[in-house]
$ cat final21.pdb   # PDB, C-alpha atoms
ATOM      1  CA  MET A   1      12.839   1.006  -0.150
ATOM      2  CA  LYS A   2      15.729  -1.457  -0.090
ATOM      3  CA  ILE A   3      15.973  -5.101   0.887
ATOM      4  CA  ASN A   4      18.828  -7.597   0.565
ATOM      5  CA  ILE A   5      17.976 -10.532  -1.697
ATOM      6  CA  ASN A   6      20.789 -13.049  -2.161
ATOM      7  CA  ASN A   7      23.420 -10.372  -1.497
ATOM      8  CA  ILE A   8      21.822  -7.941  -3.967
ATOM      9  CA  GLU A   9      20.572  -4.640  -2.530
ATOM     10  CA  THR A  10      17.151  -4.642  -4.135
ATOM     11  CA  SER A  11      15.045  -1.549  -4.729
ATOM     12  CA  TYR A  12      11.266  -1.667  -4.572
ATOM     13  CA  GLU A  13       8.304   0.638  -3.998
ATOM     14  CA  SER A  14       5.013  -0.035  -2.253
ATOM     15  CA  PHE A  15       1.555   1.476  -2.899
ATOM     16  CA  GLY A  16      -1.540   1.026  -0.736
ATOM     17  CA  GLU A  17      -1.749   0.179   2.937
ATOM     18  CA  ALA A  18      -4.292  -2.637   3.060
ATOM     19  CA  GLY A  19      -5.654  -5.529   1.063
ATOM     20  CA  PRO A  20      -4.144  -8.451  -0.837
ATOM     21  CA  TYR A  21      -0.663  -8.140  -2.354
ATOM     22  CA  VAL A  22       0.037  -7.531  -6.037
ATOM     23  CA  LEU A  23       3.584  -7.669  -7.435
ATOM     24  CA  VAL A  24       4.443  -5.880 -10.701
ATOM     25  CA  LEU A  25       7.354  -7.246 -12.769
ATOM     26  CA  PRO A  26       8.807  -4.840 -15.367
ATOM     27  CA  GLY A  27       9.759  -5.215 -18.994
ATOM     28  CA  TRP A  28      13.365  -5.539 -20.103
ATOM     29  CA  SER A  29      15.561  -2.758 -18.694
ATOM     30  CA  ALA A  30      12.533  -0.794 -17.428
ATOM     31  CA  LYS A  31      12.601   0.753 -13.977
ATOM     32  CA  LYS A  32       9.828   0.488 -11.426
ATOM     33  CA  GLU A  33       8.752   4.146 -11.692
ATOM     34  CA  LEU A  34       7.409   3.466 -15.183
ATOM     35  CA  TYR A  35       4.727   1.241 -13.641
ATOM     36  CA  ARG A  36       3.333   3.687 -11.106
ATOM     37  CA  PRO A  37       0.160   4.182 -13.202
ATOM     38  CA  VAL A  38      -0.430   0.415 -12.972
ATOM     39  CA  ALA A  39      -0.071   0.523  -9.192
ATOM     40  CA  GLU A  40      -2.276   3.595  -8.865
ATOM     41  CA  SER A  41      -5.095   1.813 -10.732
ATOM     42  CA  ILE A  42      -5.614  -0.730  -7.962
ATOM     43  CA  CYS A  43      -3.828   0.500  -4.815
ATOM     44  CA  GLU A  44      -7.142   1.656  -3.325
ATOM     45  CA  LYS A  45      -7.881  -1.963  -2.387
ATOM     46  CA  TYR A  46      -4.527  -3.700  -2.863
ATOM     47  CA  ARG A  47      -0.966  -3.444  -1.597
ATOM     48  CA  VAL A  48       0.983  -3.095  -4.840
ATOM     49  CA  ILE A  49       4.740  -3.649  -5.015
ATOM     50  CA  LEU A  50       6.882  -2.355  -7.879
ATOM     51  CA  LEU A  51      10.226  -4.126  -8.199
ATOM     52  CA  ASP A  52      13.499  -3.097  -9.851
ATOM     53  CA  LEU A  53      15.041  -6.241 -11.305
ATOM     54  CA  PRO A  54      18.840  -6.715 -11.153
ATOM     55  CA  GLY A  55      20.670  -4.964 -13.970
ATOM     56  CA  PHE A  56      17.710  -2.991 -15.265
ATOM     57  CA  THR A  57      17.762   0.819 -15.278
ATOM     58  CA  GLY A  58      16.358   1.196 -11.757
ATOM     59  CA  GLY A  59      17.960   1.113  -8.340
ATOM     60  CA  THR A  60      18.978  -2.570  -8.191
ATOM     61  CA  PRO A  61      22.547  -3.387  -9.304
ATOM     62  CA  GLU A  62      23.509  -5.948 -11.926
ATOM     63  CA  PRO A  63      23.560  -9.650 -11.080
ATOM     64  CA  PRO A  64      26.986 -11.128 -10.245
ATOM     65  CA  GLU A  65      27.108 -12.934 -13.612
ATOM     66  CA  PRO A  66      24.964 -13.189 -16.767
ATOM     67  CA  TRP A  67      21.525 -14.488 -15.807
ATOM     68  CA  GLY A  68      18.899 -16.407 -17.727
ATOM     69  CA  VAL A  69      15.176 -16.443 -17.009
ATOM     70  CA  ASP A  70      15.634 -19.157 -14.371
ATOM     71  CA  GLU A  71      17.908 -16.956 -12.257
ATOM     72  CA  TYR A  72      15.374 -14.118 -12.398
ATOM     73  CA  VAL A  73      12.639 -16.560 -11.360
ATOM     74  CA  VAL A  74      14.662 -17.602  -8.306
ATOM     75  CA  PHE A  75      15.329 -13.957  -7.472
ATOM     76  CA  VAL A  76      11.624 -13.005  -7.666
ATOM     77  CA  SER A  77      10.595 -16.057  -5.655
ATOM     78  CA  ASP A  78      13.158 -15.223  -2.958
ATOM     79  CA  PHE A  79      11.989 -11.596  -2.945
ATOM     80  CA  ILE A  80       8.407 -12.707  -2.269
ATOM     81  CA  LYS A  81       9.537 -15.109   0.462
ATOM     82  CA  THR A  82      11.773 -12.503   2.110
ATOM     83  CA  LEU A  83       8.852 -10.084   2.365
ATOM     84  CA  GLY A  84       6.861 -12.838   4.075
ATOM     85  CA  ILE A  85       4.084 -12.819   1.468
ATOM     86  CA  GLU A  86       2.065 -16.048   1.451
ATOM     87  CA  LYS A  87      -0.550 -15.132  -1.154
ATOM     88  CA  LEU A  88      -0.452 -12.597  -4.011
ATOM     89  CA  SER A  89      -1.341 -11.724  -7.585
ATOM     90  CA  ILE A  90       1.361 -10.925 -10.156
ATOM     91  CA  ILE A  91       1.368  -8.521 -13.097
ATOM     92  CA  GLY A  92       4.125  -8.934 -15.680
ATOM     93  CA  HIS A  93       4.890  -6.669 -18.612
ATOM     94  CA  SER A  94       7.003  -7.987 -21.509
ATOM     95  CA  PHE A  95      10.072  -9.608 -19.884
ATOM     96  CA  GLY A  96       8.121  -9.726 -16.626
ATOM     97  CA  GLY A  97       5.770 -12.093 -18.441
ATOM     98  CA  ARG A  98       8.686 -14.410 -19.186
ATOM     99  CA  ILE A  99       9.387 -14.633 -15.489
ATOM    100  CA  ILE A 100       5.731 -15.392 -14.741
ATOM    101  CA  ILE A 101       5.554 -18.179 -17.347
ATOM    102  CA  LYS A 102       8.545 -19.963 -15.832
ATOM    103  CA  LEU A 103       7.536 -19.221 -12.253
ATOM    104  CA  MET A 104       4.105 -20.763 -12.742
ATOM    105  CA  ASN A 105       5.667 -23.969 -14.051
ATOM    106  CA  ARG A 106       7.610 -24.519 -10.825
ATOM    107  CA  GLU A 107       6.391 -27.078  -8.344
ATOM    108  CA  ASN A 108       5.883 -26.442  -4.635
ATOM    109  CA  LEU A 109       6.043 -22.654  -4.692
ATOM    110  CA  PRO A 110       6.278 -21.285  -1.124
ATOM    111  CA  PHE A 111       3.415 -18.886  -1.814
ATOM    112  CA  GLU A 112       0.015 -18.988  -3.508
ATOM    113  CA  VAL A 113      -0.648 -17.055  -6.718
ATOM    114  CA  GLU A 114      -4.276 -15.942  -6.979
ATOM    115  CA  LYS A 115      -4.401 -13.964 -10.227
ATOM    116  CA  LEU A 116      -2.069 -13.156 -13.117
ATOM    117  CA  VAL A 117      -1.987 -10.314 -15.625
ATOM    118  CA  LEU A 118       0.294 -10.665 -18.650
ATOM    119  CA  VAL A 119       0.703  -7.317 -20.413
ATOM    120  CA  ASP A 120       2.211  -7.503 -23.922
ATOM    121  CA  SER A 121       4.122 -10.496 -22.593
ATOM    122  CA  ALA A 122       7.293 -11.923 -24.057
ATOM    123  CA  GLY A 123       8.081 -15.637 -24.094
ATOM    124  CA  ILE A 124       7.306 -16.828 -27.616
ATOM    125  CA  ARG A 125      10.308 -16.966 -29.908
ATOM    126  CA  HIS A 126       9.488 -16.470 -33.597
ATOM    127  CA  LYS A 127      11.249 -18.060 -36.533
ATOM    128  CA  VAL A 128      13.446 -15.662 -38.470
ATOM    129  CA  THR A 129      12.461 -15.451 -42.133
ATOM    130  CA  GLY A 130      13.241 -13.427 -45.284
ATOM    131  CA  LYS A 131      15.965 -10.779 -45.215
ATOM    132  CA  ALA A 132      16.467 -11.198 -41.478
ATOM    133  CA  ALA A 133      17.210 -14.902 -41.954
ATOM    134  CA  LEU A 134      19.725 -14.182 -44.728
ATOM    135  CA  LYS A 135      21.387 -11.541 -42.573
ATOM    136  CA  GLN A 136      21.590 -13.993 -39.676
ATOM    137  CA  LYS A 137      23.198 -16.670 -41.888
ATOM    138  CA  ALA A 138      25.713 -14.168 -43.248
ATOM    139  CA  PHE A 139      26.658 -13.152 -39.717
ATOM    140  CA  LYS A 140      27.196 -16.786 -38.672
ATOM    141  CA  VAL A 141      29.669 -17.194 -41.520
ATOM    142  CA  ALA A 142      31.392 -13.842 -40.977
ATOM    143  CA  LYS A 143      31.874 -14.247 -37.234
ATOM    144  CA  ARG A 144      34.224 -17.179 -37.811
ATOM    145  CA  PHE A 145      36.747 -14.700 -39.160
ATOM    146  CA  MET A 146      36.199 -11.929 -36.618
ATOM    147  CA  SER A 147      38.297 -11.247 -33.564
ATOM    148  CA  GLU A 148      36.475 -10.992 -30.220
ATOM    149  CA  LYS A 149      36.744  -7.198 -30.395
ATOM    150  CA  GLN A 150      35.405  -7.076 -33.962
ATOM    151  CA  LEU A 151      32.539  -9.367 -33.017
ATOM    152  CA  GLU A 152      31.531  -7.144 -30.110
ATOM    153  CA  GLU A 153      31.709  -4.023 -32.291
ATOM    154  CA  TYR A 154      29.509  -5.681 -34.905
ATOM    155  CA  LYS A 155      26.908  -6.616 -32.278
ATOM    156  CA  LYS A 156      26.935  -3.070 -30.908
ATOM    157  CA  THR A 157      26.406  -1.624 -34.380
ATOM    158  CA  HIS A 158      23.774  -4.068 -35.622
ATOM    159  CA  GLY A 159      22.042  -5.065 -32.393
ATOM    160  CA  SER A 160      18.859  -3.610 -30.964
ATOM    161  CA  ALA A 161      18.840  -0.340 -29.019
ATOM    162  CA  ASP A 162      18.455  -2.330 -25.792
ATOM    163  CA  TYR A 163      21.552  -4.349 -26.675
ATOM    164  CA  ARG A 164      23.609  -1.309 -27.665
ATOM    165  CA  ASN A 165      22.707   0.555 -24.473
ATOM    166  CA  ALA A 166      23.467  -2.376 -22.151
ATOM    167  CA  THR A 167      26.698  -3.094 -20.311
ATOM    168  CA  PRO A 168      28.701  -6.151 -21.427
ATOM    169  CA  LEU A 169      27.289  -8.236 -18.573
ATOM    170  CA  MET A 170      23.708  -7.262 -19.354
ATOM    171  CA  ARG A 171      24.271  -7.909 -23.070
ATOM    172  CA  ALA A 172      25.233 -11.457 -22.159
ATOM    173  CA  THR A 173      22.175 -11.654 -19.907
ATOM    174  CA  MET A 174      19.942 -10.371 -22.679
ATOM    175  CA  VAL A 175      21.200 -12.973 -25.142
ATOM    176  CA  LYS A 176      20.841 -15.765 -22.589
ATOM    177  CA  ALA A 177      17.353 -14.790 -21.429
ATOM    178  CA  ILE A 178      15.669 -13.594 -24.600
ATOM    179  CA  ASN A 179      16.848 -16.469 -26.806
ATOM    180  CA  GLU A 180      14.939 -18.979 -24.685
ATOM    181  CA  ASP A 181      11.613 -20.066 -26.164
ATOM    182  CA  LEU A 182       8.967 -20.582 -23.474
ATOM    183  CA  THR A 183       6.141 -21.585 -25.818
ATOM    184  CA  ASP A 184       5.861 -25.133 -24.461
ATOM    185  CA  LEU A 185       5.531 -23.840 -20.884
ATOM    186  CA  ILE A 186       2.538 -21.595 -21.540
ATOM    187  CA  PRO A 187      -0.094 -24.338 -20.918
ATOM    188  CA  GLY A 188       1.528 -24.885 -17.511
ATOM    189  CA  ILE A 189      -0.061 -21.674 -16.245
ATOM    190  CA  LYS A 190      -3.035 -22.761 -14.118
ATOM    191  CA  ALA A 191      -3.834 -19.582 -12.165
ATOM    192  CA  GLU A 192      -6.613 -17.227 -13.259
ATOM    193  CA  THR A 193      -5.052 -15.172 -16.060
ATOM    194  CA  LEU A 194      -5.892 -11.952 -17.871
ATOM    195  CA  LEU A 195      -3.973 -11.060 -21.037
ATOM    196  CA  ILE A 196      -3.793  -7.397 -22.084
ATOM    197  CA  TRP A 197      -2.375  -6.543 -25.498
ATOM    198  CA  GLY A 198      -1.893  -3.509 -27.680
ATOM    199  CA  THR A 199      -3.124  -4.250 -31.200
ATOM    200  CA  ALA A 200      -0.215  -2.241 -32.637
ATOM    201  CA  ASP A 201       2.460  -4.015 -30.581
ATOM    202  CA  THR A 202       5.402  -4.839 -32.864
ATOM    203  CA  ALA A 203       7.757  -6.182 -30.172
ATOM    204  CA  THR A 204       5.418  -8.960 -28.997
ATOM    205  CA  PRO A 205       2.640  -9.053 -31.619
ATOM    206  CA  LEU A 206      -1.028  -9.530 -30.846
ATOM    207  CA  SER A 207      -0.798 -13.043 -32.294
ATOM    208  CA  ASP A 208       1.325 -13.948 -29.240
ATOM    209  CA  GLY A 209      -1.497 -12.888 -26.953
ATOM    210  CA  GLU A 210      -4.022 -14.834 -29.005
ATOM    211  CA  TYR A 211      -1.818 -17.911 -28.852
ATOM    212  CA  MET A 212      -1.450 -17.600 -25.078
ATOM    213  CA  GLU A 213      -5.220 -17.247 -24.693
ATOM    214  CA  SER A 214      -5.683 -20.488 -26.636
ATOM    215  CA  ARG A 215      -3.172 -22.344 -24.432
ATOM    216  CA  ILE A 216      -3.932 -20.984 -20.946
ATOM    217  CA  GLU A 217      -7.101 -22.631 -19.724
ATOM    218  CA  GLY A 218      -9.808 -20.167 -18.746
ATOM    219  CA  SER A 219      -7.775 -17.085 -19.678
ATOM    220  CA  GLY A 220      -9.180 -13.968 -21.336
ATOM    221  CA  LEU A 221      -7.591 -11.527 -23.765
ATOM    222  CA  VAL A 222      -8.299  -7.787 -23.807
ATOM    223  CA  ARG A 223      -7.203  -6.036 -26.997
ATOM    224  CA  ILE A 224      -6.405  -2.333 -26.638
ATOM    225  CA  GLU A 225      -6.875  -0.760 -30.054
ATOM    226  CA  GLY A 226      -3.975   1.293 -31.379
ATOM    227  CA  ALA A 227      -1.727   0.690 -28.381
ATOM    228  CA  GLY A 228       1.834  -0.523 -28.798
ATOM    229  CA  HIS A 229       4.141  -2.595 -26.617
ATOM    230  CA  PHE A 230       3.562  -0.289 -23.643
ATOM    231  CA  SER A 231      -0.218  -0.501 -23.810
ATOM    232  CA  PHE A 232      -0.618   0.767 -20.229
ATOM    233  CA  LEU A 233       1.092   4.038 -21.238
ATOM    234  CA  ASP A 234      -0.356   4.352 -24.747
ATOM    235  CA  GLN A 235      -3.981   4.001 -23.615
ATOM    236  CA  PRO A 236      -3.910   4.678 -19.851
ATOM    237  CA  VAL A 237      -7.633   5.373 -19.428
ATOM    238  CA  ILE A 238      -8.679   2.116 -21.074
ATOM    239  CA  PHE A 239      -5.973   0.184 -19.239
ATOM    240  CA  ASP A 240      -7.108   1.643 -15.926
ATOM    241  CA  LYS A 241     -10.705   0.553 -16.561
ATOM    242  CA  VAL A 242      -9.589  -2.975 -17.457
ATOM    243  CA  MET A 243      -7.490  -3.265 -14.306
ATOM    244  CA  LYS A 244     -10.247  -1.981 -12.046
ATOM    245  CA  SER A 245     -12.714  -4.405 -13.570
ATOM    246  CA  TYR A 246     -10.405  -7.419 -13.229
ATOM    247  CA  PHE A 247      -9.481  -6.603  -9.643
ATOM    248  CA  ASN A 248     -13.078  -5.759  -8.698
ATOM    249  CA  ILE A 249     -12.523  -2.137  -7.763
TER     250      ILE A 249
END
$ encode --input "final21.pdb" --output "structure tokens"
Amino acid sequence: MKININNIETSYESFGEAGPYVLVLPGWSAKKELYRPVAESICEKYRVILLDLPGFTGGTPEPPEPWGVDEYVVFVSDFIKTLGIEKLSIIGHSFGGRIIIKLMNRENLPFEVEKLVLVDSAGIRHKVTGKAALKQKAFKVAKRFMSEKQLEEYKKTHGSADYRNATPLMRATMVKAINEDLTDLIPGIKAETLLIWGTADTATPLSDGEYMESRIEGSGLVRIEGAGHFSFLDQPVIFDKVMKSYFNI
């Protein structure tokens, strides 16, 4: 399905025909189809919406300029309002968790959020230490002597796979969004919150989930043994049971 949100033709998919709404926000660059197992876990009693965020690999085009987390928050909020949803729960995986953290710190939201699920959520920026810190310092010195073209080639060669595979606009978006530390905003989450984490997650380590549990009042953390950053795909049976229990199915 398509809907126009702030002049962006936005792609989304809906599961279930009755019950309260649940919106699923994807991880960085992930398309909505990846989250169908999440929707299928609870669509028996809920209307679940999977959303392609602007510039990710799904059916929604790039934003008009490099966005930070705030711009994605506005986009998601406007998406919810445009669909006429007044009350919903939100599930966010990885980058989707970033959006939730900032969204839940906004005042006077035009809709009510009943429940949250943060799955291997991003948002905590870690200090760079050891070899990585030395490499970062060396780059800061070297880039003073690089041309713009050389600098871009260096980033493409040494950056993450997500960075290398992104377009120039989405590289700028990635730098802008992912470099923001949301640690201080985590206690601002007041809705009922479930945290689900893979114990083998190396992208957003389990310690992030434990920290969030300690800072979000009344939250609970489910550890999925052996699962990585995509815990809902690595251990789908366990994830399905957790979701059904939390959503009372």
$ residues_around --input "final21.pdb" --residues "range 181-189 of chain A" --least-positions-apart "4" --cutoff "7 Å" --atoms "only C-alpha atoms" --output "list of chain:residue names"
A:Ile101, A:Met104, A:Asn105, A:Gly123, A:Ile124, A:Arg125, A:Met212, A:Arg215, A:Ile216
$ closest_atom_pairs --input "final21.pdb" --of "range 63-91 of chain A" --to "range 53-59 of chain A" --cutoff "10 Å" --atoms "all atoms listed in the file" --output "CSV"
residue,atom,partner,partner_atom,distance
A:Pro63,CA,A:Pro54,CA,5.6
A:Pro64,CA,A:Pro54,CA,9.3
A:Pro66,CA,A:Gly55,CA,9.7
A:Trp67,CA,A:Pro54,CA,9.4
A:Tyr72,CA,A:Leu53,CA,8.0
A:Phe75,CA,A:Leu53,CA,8.6
A:Val76,CA,A:Leu53,CA,8.4
$ write_last_selection --input "final21.pdb" --atoms "C-alpha atoms" --output "PDB file, in the coordinates of the input"
ATOM      1  CA  PRO A  63      23.560  -9.650 -11.080  1.00  0.00           C
ATOM      2  CA  PRO A  64      26.986 -11.128 -10.245  1.00  0.00           C
ATOM      3  CA  PRO A  66      24.964 -13.189 -16.767  1.00  0.00           C
ATOM      4  CA  TRP A  67      21.525 -14.488 -15.807  1.00  0.00           C
ATOM      5  CA  TYR A  72      15.374 -14.118 -12.398  1.00  0.00           C
ATOM      6  CA  PHE A  75      15.329 -13.957  -7.472  1.00  0.00           C
ATOM      7  CA  VAL A  76      11.624 -13.005  -7.666  1.00  0.00           C
TER       8      VAL A  76
END
$ atom_distance --input "final21.pdb" --atom1 "CA of Ser89 in chain A" --atom2 "CA of Met170 in chain A"
28.0 Å
$ residues_around --input "final21.pdb" --residues "Ser245 in chain A" --least-positions-apart "3" --cutoff "12 Å" --atoms "only C-alpha atoms" --output "list of chain:residue names"
A:Ser41, A:Ile42, A:Leu194, A:Val222, A:Ile238, A:Phe239, A:Asp240, A:Lys241, A:Val242, A:Asn248, A:Ile249
$ atom_distance --input "final21.pdb" --atom1 "CA of Gly16 in chain A" --atom2 "CA of Leu51 in chain A"
14.9 Å
$ closest_residue --input "final21.pdb" --among "A:Met174, A:Val38, A:Val73, A:Cys43" --to "Arg106 in chain A" --atoms "only C-alpha atoms"
A:Val73
$ axis_aligned_box --input "final21.pdb" --around "range 230-237 of chain A" --padding-each-side "3 Å" --output "lines of an AutoDock Vina configuration file"
center_x = -2.0
center_y = 2.4
center_z = -22.1
size_x = 17.2
size_y = 11.9
size_z = 11.3
$ residues_around --input "final21.pdb" --residues "range 4-12 of chain A" --least-positions-apart "2" --cutoff "6 Å" --atoms "all atoms listed in the file" --output "ChimeraX atom specification"
/A:1-2,50-52,59-60
$ write_last_selection --input "final21.pdb" --atoms "C-alpha atoms" --output "CSV table (one decimal), in the coordinates of the input"
chain,number,residue,atom,x,y,z
A,1,MET,CA,12.8,1.0,-0.2
A,2,LYS,CA,15.7,-1.5,-0.1
A,50,LEU,CA,6.9,-2.4,-7.9
A,51,LEU,CA,10.2,-4.1,-8.2
A,52,ASP,CA,13.5,-3.1,-9.9
A,59,GLY,CA,18.0,1.1,-8.3
A,60,THR,CA,19.0,-2.6,-8.2
$ resolve_selection --input "final21.pdb" --expression "the PyMOL selection byres ((chain A and resi 17-30) around 6)" --output "list in words"
Gly16, Lys31, Lys45, Tyr46, Arg47, Val48, Ile49, Leu50, Phe56, Thr57, Leu88, Ser89, Ile90, Ile91, Gly92, His93, Ser94, Phe95 and Gly96 of chain A
$ residues_near_point --input "final21.pdb" --point "(6.6, 0.4, -25.9)" --cutoff "8 Å" --atoms "only C-alpha atoms" --output "list in words"
Asp201, Ala203, Gly228, His229, Phe230 and Ser231 of chain A
$ closest_residue --input "final21.pdb" --among "A:Ile196, A:Ile224, A:Val69, A:Leu34" --to "Leu116 in chain A" --atoms "only C-alpha atoms"
A:Ile196
$ closest_residue --input "final21.pdb" --among "A:Gly97, A:Gly84, A:Gly68, A:Pro37" --to "Gly209 in chain A" --atoms "all atoms listed in the file"
A:Gly97
$ residues_around --input "final21.pdb" --residues "Ser77 in chain A" --least-positions-apart "4" --cutoff "9 Å" --atoms "only C-alpha atoms" --output "list of chain:residue names"
A:Tyr72, A:Val73, A:Lys81, A:Thr82, A:Leu103, A:Leu109, A:Pro110, A:Phe111
$ resolve_selection --input "final21.pdb" --expression "the PyMOL selection byres ((chain A and resi 192) around 9)" --output "PyMOL selection string"
chain A and resi 113-117+189-191+193-194+216-219
$ atom_distance --input "final21.pdb" --atom1 "CA of Phe232 in chain A" --atom2 "CA of Arg36 in chain A"
10.4 Å
$ closest_residue --input "final21.pdb" --among "A:Thr204, A:Asn179, A:Ser214, A:Thr167" --to "Val119 in chain A" --atoms "only C-alpha atoms"
A:Thr204
